[in-house]
Every structure is written in structure tokens, then in C-alpha cells.
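Presented below is the structure to which this report refers.
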Amino acid sequence: MKISSYLVLRLINALIVLTIALLISALVFNKLADQQMRSLIREMVKSELQSNPELLRNLQKNSTALKIWMDERTKYYMRIYGLDKPLWYRVLHRVAQQLKLDFGSSSTMISASGSSRVSDIILEALPKTILLFTTGTIIVIILGLLLGMKAAQMAGSTLDKSISIFALLSYSLPMWWTGMLFIIIFAYYLKIFPSGGMMSAPPPEGLLAKIGDVLYHLALPVGTYVFVSFGGWSYITRNVVLSHLQEDFVMAARAKGLPERKVLYGHVLRASAPPIVTMVIGSLLGSLSGAMISEIVFNWPGMGRLYWNALNQFDIPVLMGNTTISMMLFLASLVLMDITYIILDPRVRVGAISVGR
């Protein structure tokens, strides 16, 4: 099987997994979605009646006629919105809409621009999550790689032991708890950073002032994320690199008299690339979906807090749209990892070609 055929197969598998996951989500949310739609239809029928005073006066004289009219209008709207269709049809229709990224309109939530379209609400929250977690993830990756490789190079040293101890301690700390602790220390006691939010109220005037204000609010949540995460990254990188430092090709490179820096970055890092790149891709794409509790703690208006607000308000279209985007990002990371492995590791490339023989 050619590599292109293998990748097409992986994309088809990802699409099947996404469809099954959306099918389960649609079944879970179906009852609430139907209830909300029926409530909306009742309000629409009442509003239609109230907007026509002459019709209202005539129907109020005959309660039977009023009931018949309301039943007919309700059935009319139920046909329009597909509520007269069987359960399997409604569920499959919702799944098809999600696959087309047609999330519809929210039931209660609106974007800052006043739009009730779910796509607008998500597109408004997604860049804010990218700004927070992707920025933090990039810093964590850089620090983790540099410290991890240095610790592997100096295995058994004070630096190596310190990184290992710090990784075990920091990785066990819940990010939300650490965030609250940092807010108490740096926002309330030291008064260095704001306790939350993305911008001051009222926001400063001028583009540069606004950018500076956002960075000022960004510092504490990013610092918390980096503090909790970079130790684990360093420790994992250290172990991956250390396992390759014992290989024969490293000893051969050193025997040739190559500089240690070239051995480390030119040979060892290249051999360690597949698992490290896997972590990089997974971390970057995973950061796009946000972290619900962390965004709530710092009052950051990203995807995580959007999901929490949608849960509190029982806004099913926003929940479904947010879930779909998160699933797509997760599956995209898996496909991207497969592609990266094929490029970096010849053994995987051979395995992909031999599939199906």
C-alpha cells in the first residue's frame, strides 16, 4: 500500500470515529435539544398571536377555535424544524449539520458583537484560548526541550536531580489549585498582576496600550501553566534523549571526535524526534480546546469557559458546536502525528507501505 493510500485510509478512519462520536453526542443531547425547540415553538406561536390583535380578539371569543389555531401553528413549526420526524432522523440530521460545521443559532448565548450564531460565538472564544494556552505551550516546549536535553547530557548531576524532583512535584499539582495560589500571592498580596480577565475595565485607549494591557493580564495564567507543565516536559525529554545517548551511533560519533553539541543536537535529537514531535503536536492542538477549570479560575473568555457557560445555560447548540470542534482538533492531531512519524521514522514508513500486503 502506498503512503498516500495509507494516509487516505487514516483520514477515512478519523472521519468514521468523528461521526460515531458525534452520533453519541447527538443522542445524549437530543432530549434537551427537542425540549428547547418545543419551548421556542410555543413562544413563536404566542408571539405570532400577540402581533395580530384582530386575530387575537376573534379567537378569544371561541376557546375551541383558539386551541385549534395554536395546535395547527405548532404542528406547522414542528414540521419546519423537523420535530415531527422520528428519533433516528433527527439524530442523523444533527450529526450531518455538525459535520458540515453548520452549528445553527444558540438558544441563550450571544457573542460580544451581538450574534447568536454558534460559529460566531466559537470563533470569538477560540483566538483567546490560542493566545493563552498556545503561548504557554510554546514556552513550555522550548524550556522543556532545552532543560531536558541538558539534564540528559549531565545525567546524575545536581541539575538533573533538581529537574527530576521539580518535575515530580510540579506535575502533581492541579493547575486550578496552583492558579488560585498564584492569584492569592501575586494579585492580592504582592499586587503585581491582575486576578483575572483579559483586559482592564474600561479598556485603555490606543492599540499599543491595549496590547500591553492584554499581555499584562496574560502573564499570570501563562506563568501558572508554564510552572506546572515545563518540569514534566523536561523530565520526559530527558528520559527520551538519555535512552539514545547510550546507542552505538552516539559512541561512534564521539569516537570520530565530533563536538558534543553536534552529537547532541545533530544525532541524538534527530533520533529522539518522533516521540518529542508527538508530544509537541498533541500539546499544541490540545491547547486549542482550552482548559475549562483554568479559564474559570482566571476568568479567561476562551473555549473552556465557553463550554462551562453553555453547560450552565443548557445551550445545546453551543455545547454541540464546542464538542465538535474539540473532537476535530483531537483527531487532526492523531492524523498529523501519523504523517510526522512517516516523515521522521523510516521504520514507520516501511510499515505503512507494507500494510495490506
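Quick note on naming: the chains in the C-alpha cells go A, B, ... in the order shown, residues restart at 1 in each chain, and ligands are numbered from 1 in order of appearance.
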Would you mind listing what lies within 9 Å of A:Met327 as an mmCIF file with C-alpha atoms, in the first residue's frame, with only C-alpha atoms counted and same-chain residues fewer than 6 positions away left out?
```cif
data_model
loop_
_atom_site.group_PDB
_atom_site.id
_atom_site.type_symbol
_atom_site.label_atom_id
_atom_site.label_comp_id
_atom_site.auth_asym_id
_atom_site.auth_seq_id
_atom_site.Cartn_x
_atom_site.Cartn_y
_atom_site.Cartn_z
ATOM 1 C CA LEU A 18 -15.738 11.589 14.402
ATOM 2 C CA ALA A 21 -18.567 10.367 18.479
ATOM 3 C CA LEU A 22 -20.983 12.988 17.131
#
```
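Each of A:Leu190, A:Val297, A:Ile339, A:Leu143 was compared to A:Val226 using only C-alpha atoms, and A:Leu143 turns out to be the nearest.
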Item checked: Spatial neighbours of stretch 97-105 of chain A, 6 Å, only C-alpha atoms, chain gap at least 3 places, as a ChimeraX atom specification -> /A:94,116-118,321
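For A:Met320, the non-local neighbours within 10 Å, defined as residues at least 3 positions apart in the same chain or in other chains and counting only C-alpha atoms, are Leu22, Ser25, Ala26, Phe29, Arg94, Val95, Gln98, Phe103, Val118, Tyr307, Ala310, Asp315, Ile316, Pro317, Thr323, Thr324, Ile325 and Ser326 of chain A.
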